[in-house]
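Source file: protein32.txt (compact mmCIF, C-alpha atoms (C1' of nucleotides))
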```
# COMPACT_ATOMS: atom_id res chain seq x y z
CA MET P 1 16.35 23.00 -14.61
CA THR P 2 16.52 24.73 -11.35
CA LYS P 3 17.69 21.69 -9.53
CA MET P 4 20.69 21.14 -11.70
CA GLY P 5 23.22 23.21 -9.89
CA ILE P 6 22.47 21.02 -6.97
CA ARG P 7 25.25 21.67 -4.59
CA THR P 8 24.30 18.28 -3.45
CA GLN P 9 27.30 17.41 -1.38
CA ALA P 10 29.15 20.65 -1.23
CA LEU P 11 29.43 20.39 2.49
CA ALA P 12 31.17 17.08 2.68
CA VAL P 13 33.98 17.62 0.26
CA ARG P 14 36.86 17.97 2.64
CA PRO P 15 38.22 14.47 3.11
CA ALA P 16 40.31 14.76 6.21
CA SER P 17 39.73 18.16 7.70
CA CYS P 18 36.13 17.32 8.24
CA CYS P 19 37.03 14.56 10.61
CA VAL P 20 36.20 15.95 13.95
CA PRO P 21 36.46 13.22 16.55
CA ILE P 22 32.91 12.17 17.22
CA ALA P 23 33.74 11.53 20.84
CA GLY P 24 35.89 14.62 21.26
CA PRO P 25 35.00 18.00 22.67
CA ASP P 26 31.74 19.68 21.76
CA VAL P 27 30.82 19.17 18.14
CA GLY P 28 29.05 22.18 16.69
CA PRO P 29 26.25 22.05 14.12
CA GLY P 30 28.63 22.64 11.21
CA GLU P 31 31.04 19.93 12.22
CA ALA P 32 28.16 17.59 12.85
CA GLU P 33 26.87 18.21 9.34
CA ALA P 34 30.30 17.51 7.87
CA ALA P 35 30.63 14.25 9.75
CA ALA P 36 27.08 13.23 8.89
CA GLY P 37 27.82 13.98 5.24
CA LEU P 38 30.68 11.54 5.26
CA PHE P 39 28.54 8.85 6.83
CA ARG P 40 25.75 9.56 4.39
CA ALA P 41 28.13 8.72 1.57
CA LEU P 42 28.54 5.25 3.06
CA ALA P 43 24.93 4.85 4.14
CA ASP P 44 23.95 2.83 1.08
CA PRO P 45 24.82 -0.85 0.59
CA ASN P 46 25.68 -0.41 -3.07
CA ARG P 47 28.11 2.38 -2.27
CA VAL P 48 29.68 0.21 0.41
CA ARG P 49 30.15 -2.49 -2.20
CA LEU P 50 31.64 -0.04 -4.67
CA VAL P 51 34.14 1.14 -2.08
CA ASN P 52 34.95 -2.46 -1.28
CA MET P 53 35.50 -3.27 -4.94
CA LEU P 54 37.86 -0.36 -5.34
CA ALA P 55 39.67 -1.38 -2.17
CA ASN P 56 40.18 -4.90 -3.41
CA ALA P 57 41.16 -3.83 -6.87
CA GLY P 58 44.05 -1.93 -5.38
CA ASP P 59 44.22 -0.06 -8.63
CA ALA P 60 41.92 2.27 -10.51
CA VAL P 61 38.85 0.68 -12.10
CA CYS P 62 36.76 1.91 -14.99
CA VAL P 63 33.03 2.49 -14.59
CA CYS P 64 32.13 -0.12 -17.16
CA ASP P 65 33.82 -2.74 -15.03
CA LEU P 66 32.02 -1.68 -11.87
CA THR P 67 28.68 -1.50 -13.63
CA GLU P 68 29.06 -5.05 -14.82
CA ARG P 69 29.98 -6.42 -11.42
CA ILE P 70 27.42 -4.61 -9.31
CA GLY P 71 24.41 -5.28 -11.50
CA LEU P 72 22.86 -1.84 -11.55
CA SER P 73 22.10 0.40 -14.49
CA GLN P 74 24.98 2.50 -15.74
CA GLY P 75 23.24 5.71 -14.76
CA THR P 76 22.73 4.52 -11.23
CA VAL P 77 26.37 3.55 -10.86
CA SER P 78 27.36 6.99 -12.06
CA PHE P 79 25.03 8.45 -9.47
CA HIS P 80 26.66 6.53 -6.63
CA LEU P 81 30.20 7.22 -7.81
CA LYS P 82 29.41 10.91 -7.91
CA LYS P 83 28.31 10.81 -4.30
CA LEU P 84 31.41 8.95 -3.20
CA PHE P 85 33.61 11.29 -5.18
CA GLY P 86 31.86 14.30 -3.69
CA SER P 87 32.58 13.01 -0.23
CA GLY P 88 36.25 12.69 -1.06
CA LEU P 89 36.38 8.97 -0.45
CA ILE P 90 37.35 8.09 -4.00
CA ASP P 91 39.38 9.70 -6.77
CA ARG P 92 38.59 10.07 -10.44
CA GLU P 93 40.88 9.99 -13.42
CA GLN P 94 39.91 10.35 -17.05
CA ARG P 95 41.77 8.15 -19.50
CA GLY P 96 40.55 8.87 -22.96
CA THR P 97 36.98 7.70 -23.15
CA TRP P 98 37.13 5.88 -19.86
CA ALA P 99 36.71 7.18 -16.35
CA TYR P 100 38.80 5.41 -13.75
CA TYR P 101 37.92 5.56 -10.09
CA SER P 102 40.16 4.56 -7.21
CA LEU P 103 39.92 4.45 -3.46
CA ASN P 104 41.32 7.40 -1.54
CA ARG P 105 42.84 5.40 1.26
CA ALA P 106 43.94 8.43 3.20
CA ALA P 107 40.38 9.72 3.30
CA LEU P 108 39.07 6.35 4.34
CA ALA P 109 41.61 6.13 7.13
CA SER P 110 40.68 9.60 8.29
CA VAL P 111 37.12 8.48 8.79
CA ALA P 112 38.39 5.99 11.32
CA ASP P 113 39.96 8.87 13.22
CA VAL P 114 36.50 10.21 13.79
CA PHE P 115 35.97 7.29 16.11
CA VAL P 116 39.24 6.24 17.65
CA GLU P 117 40.02 9.56 19.20
CA GLY P 118 38.11 9.95 22.39
CA VAL P 119 37.12 6.35 22.59
CA SER P 120 40.41 5.63 24.27
CA ARG P 121 41.01 9.02 25.73
CA MET X 1 -0.44 -1.84 21.18
CA THR X 2 1.09 -3.57 24.10
CA LYS X 3 4.31 -2.29 25.44
CA MET X 4 6.72 -1.99 22.63
CA GLY X 5 8.58 -4.32 20.41
CA ILE X 6 12.00 -2.99 21.15
CA ARG X 7 13.16 -5.11 18.28
CA THR X 8 11.97 -2.39 16.01
CA GLN X 9 14.96 -2.25 13.69
CA ALA X 10 16.29 -5.70 14.17
CA LEU X 11 18.48 -5.57 11.12
CA ALA X 12 21.12 -3.26 12.41
CA VAL X 13 21.35 -4.36 15.97
CA ARG X 14 24.53 -6.36 15.99
CA PRO X 15 27.16 -3.89 17.17
CA ALA X 16 30.41 -5.62 16.39
CA SER X 17 29.64 -8.66 14.31
CA CYS X 18 28.39 -6.46 11.55
CA CYS X 19 31.72 -4.83 11.20
CA VAL X 20 33.15 -6.33 8.11
CA PRO X 21 36.27 -4.43 7.12
CA ILE X 22 35.19 -2.22 4.30
CA ALA X 23 38.56 -2.67 2.66
CA GLY X 24 38.75 -6.39 3.32
CA PRO X 25 37.88 -9.30 1.08
CA ASP X 26 34.70 -9.31 -0.96
CA VAL X 27 31.77 -7.83 0.88
CA GLY X 28 28.50 -9.53 0.00
CA PRO X 29 25.15 -7.80 -0.30
CA GLY X 30 24.15 -8.79 3.23
CA GLU X 31 27.30 -7.52 4.82
CA ALA X 32 27.10 -4.36 2.78
CA GLU X 33 23.58 -3.75 4.07
CA ALA X 34 24.71 -4.26 7.64
CA ALA X 35 27.58 -1.83 7.26
CA ALA X 36 25.38 0.70 5.47
CA GLY X 37 22.85 0.40 8.30
CA LEU X 38 25.46 1.43 10.81
CA PHE X 39 26.50 4.41 8.73
CA ARG X 40 22.88 5.37 8.22
CA ALA X 41 22.54 5.69 11.98
CA LEU X 42 25.25 8.35 11.92
CA ALA X 43 24.17 9.97 8.68
CA ASP X 44 22.25 12.76 10.38
CA PRO X 45 23.87 15.79 12.01
CA ASN X 46 21.54 15.75 14.98
CA ARG X 47 22.34 12.13 15.70
CA VAL X 48 26.04 12.90 15.47
CA ARG X 49 25.51 15.63 18.02
CA LEU X 50 23.57 13.31 20.29
CA VAL X 51 26.36 10.75 20.17
CA ASN X 52 28.85 13.50 20.87
CA MET X 53 26.85 14.70 23.86
CA LEU X 54 26.70 11.22 25.28
CA ALA X 55 30.41 10.79 24.69
CA ASN X 56 31.24 13.98 26.52
CA ALA X 57 28.84 13.28 29.32
CA GLY X 58 30.73 10.11 30.08
CA ASP X 59 27.73 9.03 32.04
CA ALA X 60 24.14 8.22 31.19
CA VAL X 61 21.93 11.20 30.31
CA CYS X 62 18.17 11.49 30.47
CA VAL X 63 16.14 12.42 27.42
CA CYS X 64 14.86 15.62 28.93
CA ASP X 65 18.41 16.85 29.23
CA LEU X 66 19.25 16.01 25.64
CA THR X 67 16.03 17.55 24.36
CA GLU X 68 16.82 20.79 26.08
CA ARG X 69 20.36 20.99 24.75
CA ILE X 70 19.73 20.01 21.14
CA GLY X 71 16.73 22.24 20.55
CA LEU X 72 14.42 19.80 18.84
CA SER X 73 10.97 18.68 19.83
CA GLN X 74 10.81 15.88 22.36
CA GLY X 75 9.24 13.51 19.87
CA THR X 76 12.01 14.11 17.35
CA VAL X 77 14.70 13.43 19.93
CA SER X 78 12.98 10.18 20.80
CA PHE X 79 12.96 9.32 17.11
CA HIS X 80 16.70 9.83 16.78
CA LEU X 81 17.53 8.01 19.99
CA LYS X 82 15.52 5.05 18.81
CA LYS X 83 17.56 4.89 15.63
CA LEU X 84 20.84 5.09 17.50
CA PHE X 85 19.67 2.48 19.97
CA GLY X 86 18.55 0.22 17.17
CA SER X 87 21.97 0.41 15.61
CA GLY X 88 23.56 -0.64 18.89
CA LEU X 89 25.58 2.53 19.24
CA ILE X 90 23.91 3.61 22.47
CA ASP X 91 22.40 1.88 25.48
CA ARG X 92 19.15 2.57 27.27
CA GLU X 93 18.30 2.30 30.94
CA GLN X 94 14.97 3.05 32.54
CA ARG X 95 15.11 4.76 35.93
CA GLY X 96 11.60 5.28 37.16
CA THR X 97 9.95 7.82 34.90
CA TRP X 98 13.21 8.73 33.23
CA ALA X 99 15.00 7.04 30.37
CA TYR X 100 18.76 7.29 30.49
CA TYR X 101 20.88 6.82 27.40
CA SER X 102 24.62 6.25 27.30
CA LEU X 103 27.25 5.72 24.65
CA ASN X 104 28.21 2.15 23.84
CA ARG X 105 31.91 2.79 23.42
CA ALA X 106 32.66 -0.74 22.35
CA ALA X 107 30.20 -0.47 19.50
CA LEU X 108 31.59 2.88 18.47
CA ALA X 109 35.11 1.49 18.45
CA SER X 110 33.98 -1.44 16.37
CA VAL X 111 32.78 0.93 13.69
CA ALA X 112 36.34 2.12 13.36
CA ASP X 113 37.34 -1.46 12.65
CA VAL X 114 35.28 -1.31 9.51
CA PHE X 115 37.87 1.01 8.07
CA VAL X 116 40.95 -0.73 9.30
CA GLU X 117 42.80 -2.42 6.55
CA GLY X 118 41.90 -6.06 6.96
CA VAL X 119 45.50 -7.01 6.43
CA SER X 120 46.33 -6.94 10.08
CA ARG X 121 44.65 -10.27 10.53
C1' DC F 1 -8.07 8.42 42.83
C1' DT F 2 -6.42 12.39 40.26
C1' DC F 3 -3.12 15.09 38.26
C1' DC F 4 1.43 15.94 36.46
C1' DT F 5 5.68 14.74 34.35
C1' DA F 6 8.79 12.06 31.16
C1' DC F 7 8.87 9.51 27.37
C1' DA F 8 7.12 6.82 23.29
C1' DT F 9 4.24 6.61 19.37
C1' DC F 10 1.18 8.36 15.72
C1' DG F 11 -0.44 11.18 11.56
C1' DA F 12 0.82 14.21 8.42
C1' DC F 13 3.76 16.79 5.48
C1' DG F 14 7.73 18.35 2.72
C1' DG F 15 12.02 17.18 1.15
C1' DA F 16 15.73 13.92 0.09
C1' DT F 17 17.21 9.43 -1.94
C1' DG F 18 17.68 5.34 -5.15
C1' DT F 19 16.35 3.54 -9.33
C1' DC F 20 15.36 3.12 -14.17
C1' DG F 21 15.15 4.25 -19.13
C1' DA F 22 16.14 7.84 -22.19
C1' DT F 23 19.01 11.36 -23.71
C1' DC F 24 23.09 14.05 -24.31
C1' DC F 25 28.06 14.54 -25.01
C1' DA F 26 32.77 13.73 -26.08
C1' DA F 27 36.45 10.78 -27.61
C1' DA F 28 37.95 6.87 -31.02
C1' DG F 29 37.57 4.21 -34.67
C1' DT F 30 35.87 3.48 -39.33
C1' DA M 1 32.05 12.78 -42.51
C1' DC M 2 29.46 8.92 -39.79
C1' DT M 3 29.21 5.46 -36.16
C1' DT M 4 30.21 3.51 -31.94
C1' DT M 5 31.14 3.44 -27.22
C1' DG M 6 31.75 5.05 -22.25
C1' DG M 7 29.92 7.91 -19.20
C1' DA M 8 27.27 11.88 -17.21
C1' DT M 9 22.87 13.91 -16.84
C1' DC M 10 17.81 14.24 -17.01
C1' DG M 11 12.70 13.16 -15.99
C1' DA M 12 9.84 10.53 -13.59
C1' DC M 13 8.59 7.68 -10.02
C1' DA M 14 8.29 5.23 -5.48
C1' DT M 15 10.15 5.11 -1.22
C1' DC M 16 12.45 6.72 2.80
C1' DC M 17 13.65 10.40 6.27
C1' DG M 18 13.30 14.29 9.58
C1' DT M 19 10.27 17.21 11.69
C1' DC M 20 6.33 18.84 14.16
C1' DG M 21 2.13 18.78 16.97
C1' DA M 22 -0.98 15.72 19.04
C1' DT M 23 -2.04 11.71 21.43
C1' DG M 24 -1.00 7.60 24.30
C1' DT M 25 1.05 5.57 28.51
C1' DA M 26 3.19 4.60 32.66
C1' DG M 27 5.34 6.26 37.14
C1' DG M 28 5.29 9.55 41.11
C1' DA M 29 3.31 13.08 43.97
C1' DG M 30 -0.52 15.09 46.11
```

Reformat the file's structure so that it appears as structure tokens.
Amino acid sequence: MTKMGIRTQALAVRPASCCVPIAGPDVGPGEAEAAAGLFRALADPNRVRLVNMLANAGDAVCVCDLTERIGLSQGTVSFHLKKLFGSGLIDREQRGTWAYYSLNRAALASVADVFVEGVSR
Amino acid sequence: MTKMGIRTQALAVRPASCCVPIAGPDVGPGEAEAAAGLFRALADPNRVRLVNMLANAGDAVCVCDLTERIGLSQGTVSFHLKKLFGSGLIDREQRGTWAYYSLNRAALASVADVFVEGVSR
DNA sequence: CTCCTACATCGACGGATGTCGATCCAAAGT
DNA sequence: ACTTTGGATCGACATCCGTCGATGTAGGAG
């Protein structure tokens, strides 16, 4: 109990609006936390691989398929997908019994904006 | 213990070569770990702020200056700078008693490449 | 040589993270 | 109705991470 409500990644949920240019004008504590939250979502090799799988699939993929390919327990895969979903990097769609996840390409592209701006200012 | 093995976090050190497009062809476990390592370096709000400070400074900044502005203990700032340095995102230069850190803009730009759709190749 | 300053490193601590197996839940099929 | 199946959640555990204060260390100033 207690820990359930876990607002675990409440802060990171905005996919694009969070993307303050890291090299732009002064980044405040709040913006820094938002940016860090996005990076945290990608700070695990298995999540990077999941994102890569979804990117290559081009289409939505069900959890069972991902679980099989990544070689982790089903619960762990769910855990990672929840983090990615919470960060806005992937989308979720329920089709009957199956849950299909797909890459949010716009969100992914917006992460790049965090860097490019300011680098070539 | 002698000087210091600056190679402390050898795994993440390659700035650009690590940057496998996250949306490109199959990312193996090794490449995923390298990419995740880079993101891990930016997965903390205080490190994001440090990078931002260095970006805005345009020039190298000494640790004492950063410590004062970020409001953390000196040891903690050193800890974060070491992580950023280990990831290749920032450079270090010793000037007498002072240590000056500066943003490695090439490395930062290369992180953006991770997100670029690999198709352009 | 002695002291001070700037920085790195250490020891410790609490909190977050990744993982598993087990459990719960809802939808589908029988 | 019962059973099965896909997926989310839980409990427990080991590890990692961020932070501080304290200590170590090297360069400059006196």

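What separates atom C1' of M:DG28 from atom C1' of F:DC3 is a distance of 10.5 Å.
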
Could you check which of P:Asp26, P:Arg40, P:Ala106, P:Asp113 is closest to X:Arg69, using only C-alpha atoms?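 Counting only C-alpha atoms, the residue closest to X:Arg69 is P:Asp26.
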
Any chance you could tabulate, as a tab-separated table, the residues of chain X at most 8 Å from chain P with each one's nearest atom pair and distance in Å to one decimal, using all atoms listed in the file, in chain and rising number order?
```
residue	atom	partner	partner_atom	distance
X:Ile22	CA	P:Asn52	CA	5.6
X:Ala23	CA	P:Ala55	CA	5.1
X:Gly24	CA	P:Asn56	CA	7.0
X:Pro25	CA	P:Asn56	CA	6.7
X:Asp26	CA	P:Asn52	CA	6.9
X:Val27	CA	P:Arg49	CA	6.4
X:Gly28	CA	P:Arg49	CA	7.6
X:Pro29	CA	P:Pro45	CA	7.0
X:Ala32	CA	P:Pro45	CA	4.7
X:Glu33	CA	P:Pro45	CA	4.7
X:Ala34	CA	P:Pro45	CA	7.8
X:Ala35	CA	P:Pro45	CA	7.3
X:Ala36	CA	P:Ala43	CA	4.4
X:Gly37	CA	P:Ala43	CA	6.4
X:Leu38	CA	P:Ala43	CA	7.5
X:Phe39	CA	P:Ala43	CA	4.9
X:Arg40	CA	P:Ala43	CA	4.6
X:Leu42	CA	P:Ala36	CA	6.0
X:Ala43	CA	P:Ala36	CA	4.4
X:Asp44	CA	P:Ala36	CA	5.1
X:Pro45	CA	P:Glu33	CA	4.7
X:Asn46	CA	P:Ala32	CA	7.2
X:Val48	CA	P:Ala32	CA	5.8
X:Arg49	CA	P:Ala32	CA	6.1
X:Val51	CA	P:Ile22	CA	7.3
X:Asn52	CA	P:Ala23	CA	5.3
X:Met53	CA	P:Asp26	CA	7.3
X:Ala55	CA	P:Ala23	CA	5.1
X:Asn56	CA	P:Ala23	CA	6.7
X:Arg105	CA	P:Val119	CA	6.4
X:Leu108	CA	P:Phe115	CA	6.6
X:Ala109	CA	P:Phe115	CA	6.3
X:Val111	CA	P:Phe115	CA	7.5
X:Ala112	CA	P:Ala112	CA	4.8
X:Asp113	CA	P:Ala112	CA	7.6
X:Phe115	CA	P:Ala112	CA	6.0
X:Val116	CA	P:Ala109	CA	7.2
```

As a short mmCIF file (atom, residue, chain, number, x, y, z; two decimals) with C-alpha atoms, in the frame of the given file, could you give me every residue of chain P near chain M (at most 9 Å apart, counting all atoms listed in the file)?
```cif
data_model
loop_
_atom_site.label_atom_id
_atom_site.label_comp_id
_atom_site.auth_asym_id
_atom_site.auth_seq_id
_atom_site.Cartn_x
_atom_site.Cartn_y
_atom_site.Cartn_z
CA VAL P 63 33.03 2.49 -14.59
CA CYS P 64 32.13 -0.12 -17.16
CA GLN P 74 24.98 2.50 -15.74
CA GLY P 75 23.24 5.71 -14.76
CA SER P 78 27.36 6.99 -12.06
CA PHE P 79 25.03 8.45 -9.47
CA THR P 97 36.98 7.70 -23.15
CA TRP P 98 37.13 5.88 -19.86
CA ALA P 99 36.71 7.18 -16.35
#
```

Produce a table with one row for each residue of chain F that has an atom at most 9 Å from any atom of chain P, each row naming the nearest atom pair and its distance in Å at one decimal; use only C-alpha atoms (C1' of nucleotides); arrange rows by chain and rising residue number; format as CSV.
```
residue,atom,partner,partner_atom,distance
F:DG18,C1',P:Thr76,CA,7.9
F:DT19,C1',P:Thr76,CA,6.7
F:DC20,C1',P:Ser73,CA,7.3
F:DA26,C1',P:Thr97,CA,7.9
F:DA27,C1',P:Thr97,CA,5.4
F:DA28,C1',P:Thr97,CA,8.0
```

Give me, please, the distance in Å between atom CA of P:Tyr101 and atom CA of P:Val61, quoted to one decimal.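 Result for atom CA of P:Tyr101 versus atom CA of P:Val61: 5.4 Å, one decimal.
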
What does the structure give for the distance between atom CA of X:Thr67 and atom C1' of F:DC7, in Å to one decimal? 11.2 Å

Stretch 38-64 of chain P rebuilt with N, CA, C and O atoms, output as a PDB file, keeping the file's coordinate frame:
```
ATOM      1  N   LEU P  38      29.786  12.651   5.545  1.00  0.00           N
ATOM      2  CA  LEU P  38      30.680  11.540   5.260  1.00  0.00           C
ATOM      3  C   LEU P  38      29.966  10.206   5.446  1.00  0.00           C
ATOM      4  O   LEU P  38      30.060   9.302   4.612  1.00  0.00           O
ATOM      5  N   PHE P  39      29.255  10.091   6.551  1.00  0.00           N
ATOM      6  CA  PHE P  39      28.540   8.850   6.830  1.00  0.00           C
ATOM      7  C   PHE P  39      27.447   8.606   5.803  1.00  0.00           C
ATOM      8  O   PHE P  39      27.193   7.478   5.400  1.00  0.00           O
ATOM      9  N   ARG P  40      26.827   9.679   5.368  1.00  0.00           N
ATOM     10  CA  ARG P  40      25.750   9.560   4.390  1.00  0.00           C
ATOM     11  C   ARG P  40      26.285   8.944   3.097  1.00  0.00           C
ATOM     12  O   ARG P  40      25.580   8.204   2.407  1.00  0.00           O
ATOM     13  N   ALA P  41      27.533   9.262   2.782  1.00  0.00           N
ATOM     14  CA  ALA P  41      28.130   8.720   1.570  1.00  0.00           C
ATOM     15  C   ALA P  41      28.269   7.204   1.664  1.00  0.00           C
ATOM     16  O   ALA P  41      28.254   6.502   0.658  1.00  0.00           O
ATOM     17  N   LEU P  42      28.374   6.693   2.866  1.00  0.00           N
ATOM     18  CA  LEU P  42      28.540   5.250   3.060  1.00  0.00           C
ATOM     19  C   LEU P  42      27.258   4.592   3.546  1.00  0.00           C
ATOM     20  O   LEU P  42      27.243   3.416   3.900  1.00  0.00           O
ATOM     21  N   ALA P  43      26.179   5.350   3.556  1.00  0.00           N
ATOM     22  CA  ALA P  43      24.930   4.850   4.140  1.00  0.00           C
ATOM     23  C   ALA P  43      24.076   4.081   3.133  1.00  0.00           C
ATOM     24  O   ALA P  43      22.882   3.941   3.318  1.00  0.00           O
ATOM     25  N   ASP P  44      24.692   3.620   2.074  1.00  0.00           N
ATOM     26  CA  ASP P  44      23.950   2.830   1.080  1.00  0.00           C
ATOM     27  C   ASP P  44      24.757   1.564   0.755  1.00  0.00           C
ATOM     28  O   ASP P  44      25.963   1.648   0.495  1.00  0.00           O
ATOM     29  N   PRO P  45      24.103   0.416   0.778  1.00  0.00           N
ATOM     30  CA  PRO P  45      24.820  -0.850   0.590  1.00  0.00           C
ATOM     31  C   PRO P  45      25.571  -0.919  -0.736  1.00  0.00           C
ATOM     32  O   PRO P  45      26.677  -1.462  -0.791  1.00  0.00           O
ATOM     33  N   ASN P  46      25.001  -0.351  -1.777  1.00  0.00           N
ATOM     34  CA  ASN P  46      25.680  -0.410  -3.070  1.00  0.00           C
ATOM     35  C   ASN P  46      26.937   0.453  -3.078  1.00  0.00           C
ATOM     36  O   ASN P  46      27.924   0.107  -3.724  1.00  0.00           O
ATOM     37  N   ARG P  47      26.898   1.557  -2.344  1.00  0.00           N
ATOM     38  CA  ARG P  47      28.110   2.380  -2.270  1.00  0.00           C
ATOM     39  C   ARG P  47      29.170   1.676  -1.427  1.00  0.00           C
ATOM     40  O   ARG P  47      30.361   1.753  -1.723  1.00  0.00           O
ATOM     41  N   VAL P  48      28.729   0.982  -0.388  1.00  0.00           N
ATOM     42  CA  VAL P  48      29.680   0.210   0.410  1.00  0.00           C
ATOM     43  C   VAL P  48      30.363  -0.829  -0.474  1.00  0.00           C
ATOM     44  O   VAL P  48      31.581  -1.014  -0.430  1.00  0.00           O
ATOM     45  N   ARG P  49      29.577  -1.475  -1.318  1.00  0.00           N
ATOM     46  CA  ARG P  49      30.150  -2.490  -2.200  1.00  0.00           C
ATOM     47  C   ARG P  49      31.100  -1.865  -3.213  1.00  0.00           C
ATOM     48  O   ARG P  49      32.148  -2.455  -3.526  1.00  0.00           O
ATOM     49  N   LEU P  50      30.754  -0.708  -3.716  1.00  0.00           N
ATOM     50  CA  LEU P  50      31.640  -0.040  -4.670  1.00  0.00           C
ATOM     51  C   LEU P  50      32.975   0.292  -4.015  1.00  0.00           C
ATOM     52  O   LEU P  50      34.044   0.050  -4.584  1.00  0.00           O
ATOM     53  N   VAL P  51      32.914   0.827  -2.809  1.00  0.00           N
ATOM     54  CA  VAL P  51      34.140   1.140  -2.080  1.00  0.00           C
ATOM     55  C   VAL P  51      34.953  -0.131  -1.863  1.00  0.00           C
ATOM     56  O   VAL P  51      36.174  -0.154  -2.043  1.00  0.00           O
ATOM     57  N   ASN P  52      34.275  -1.181  -1.505  1.00  0.00           N
ATOM     58  CA  ASN P  52      34.950  -2.460  -1.280  1.00  0.00           C
ATOM     59  C   ASN P  52      35.619  -2.978  -2.556  1.00  0.00           C
ATOM     60  O   ASN P  52      36.748  -3.456  -2.535  1.00  0.00           O
ATOM     61  N   MET P  53      34.924  -2.834  -3.665  1.00  0.00           N
ATOM     62  CA  MET P  53      35.500  -3.270  -4.940  1.00  0.00           C
ATOM     63  C   MET P  53      36.764  -2.496  -5.252  1.00  0.00           C
ATOM     64  O   MET P  53      37.776  -3.066  -5.651  1.00  0.00           O
ATOM     65  N   LEU P  54      36.691  -1.196  -5.052  1.00  0.00           N
ATOM     66  CA  LEU P  54      37.860  -0.360  -5.340  1.00  0.00           C
ATOM     67  C   LEU P  54      39.003  -0.706  -4.389  1.00  0.00           C
ATOM     68  O   LEU P  54      40.173  -0.690  -4.768  1.00  0.00           O
ATOM     69  N   ALA P  55      38.642  -1.030  -3.148  1.00  0.00           N
ATOM     70  CA  ALA P  55      39.670  -1.380  -2.170  1.00  0.00           C
ATOM     71  C   ALA P  55      40.372  -2.667  -2.591  1.00  0.00           C
ATOM     72  O   ALA P  55      41.600  -2.776  -2.525  1.00  0.00           O
ATOM     73  N   ASN P  56      39.599  -3.619  -3.021  1.00  0.00           N
ATOM     74  CA  ASN P  56      40.180  -4.900  -3.410  1.00  0.00           C
ATOM     75  C   ASN P  56      40.965  -4.810  -4.712  1.00  0.00           C
ATOM     76  O   ASN P  56      41.951  -5.512  -4.901  1.00  0.00           O
ATOM     77  N   ALA P  57      40.484  -3.963  -5.589  1.00  0.00           N
ATOM     78  CA  ALA P  57      41.160  -3.830  -6.870  1.00  0.00           C
ATOM     79  C   ALA P  57      42.577  -3.302  -6.656  1.00  0.00           C
ATOM     80  O   ALA P  57      43.502  -3.653  -7.367  1.00  0.00           O
ATOM     81  N   GLY P  58      42.733  -2.470  -5.655  1.00  0.00           N
ATOM     82  CA  GLY P  58      44.050  -1.930  -5.380  1.00  0.00           C
ATOM     83  C   GLY P  58      44.446  -0.883  -6.398  1.00  0.00           C
ATOM     84  O   GLY P  58      45.196   0.030  -6.103  1.00  0.00           O
ATOM     85  N   ASP P  59      43.893  -1.001  -7.571  1.00  0.00           N
ATOM     86  CA  ASP P  59      44.220  -0.060  -8.630  1.00  0.00           C
ATOM     87  C   ASP P  59      42.945   0.624  -9.096  1.00  0.00           C
ATOM     88  O   ASP P  59      41.855   0.281  -8.655  1.00  0.00           O
ATOM     89  N   ALA P  60      43.091   1.579  -9.977  1.00  0.00           N
ATOM     90  CA  ALA P  60      41.920   2.270 -10.510  1.00  0.00           C
ATOM     91  C   ALA P  60      41.100   1.328 -11.379  1.00  0.00           C
ATOM     92  O   ALA P  60      41.634   0.457 -12.053  1.00  0.00           O
ATOM     93  N   VAL P  61      39.769   1.532 -11.354  1.00  0.00           N
ATOM     94  CA  VAL P  61      38.850   0.680 -12.100  1.00  0.00           C
ATOM     95  C   VAL P  61      37.927   1.552 -12.938  1.00  0.00           C
ATOM     96  O   VAL P  61      37.497   2.611 -12.472  1.00  0.00           O
ATOM     97  N   CYS P  62      37.636   1.105 -14.147  1.00  0.00           N
ATOM     98  CA  CYS P  62      36.760   1.910 -14.990  1.00  0.00           C
ATOM     99  C   CYS P  62      35.301   1.626 -14.653  1.00  0.00           C
ATOM    100  O   CYS P  62      34.956   0.551 -14.157  1.00  0.00           O
ATOM    101  N   VAL P  63      34.450   2.589 -14.942  1.00  0.00           N
ATOM    102  CA  VAL P  63      33.030   2.490 -14.590  1.00  0.00           C
ATOM    103  C   VAL P  63      32.375   1.270 -15.230  1.00  0.00           C
ATOM    104  O   VAL P  63      31.582   0.579 -14.602  1.00  0.00           O
ATOM    105  N   CYS P  64      32.761   0.991 -16.450  1.00  0.00           N
ATOM    106  CA  CYS P  64      32.130  -0.120 -17.160  1.00  0.00           C
ATOM    107  C   CYS P  64      32.327  -1.418 -16.394  1.00  0.00           C
ATOM    108  O   CYS P  64      31.444  -2.270 -16.327  1.00  0.00           O
TER     109      CYS P  64
END
```
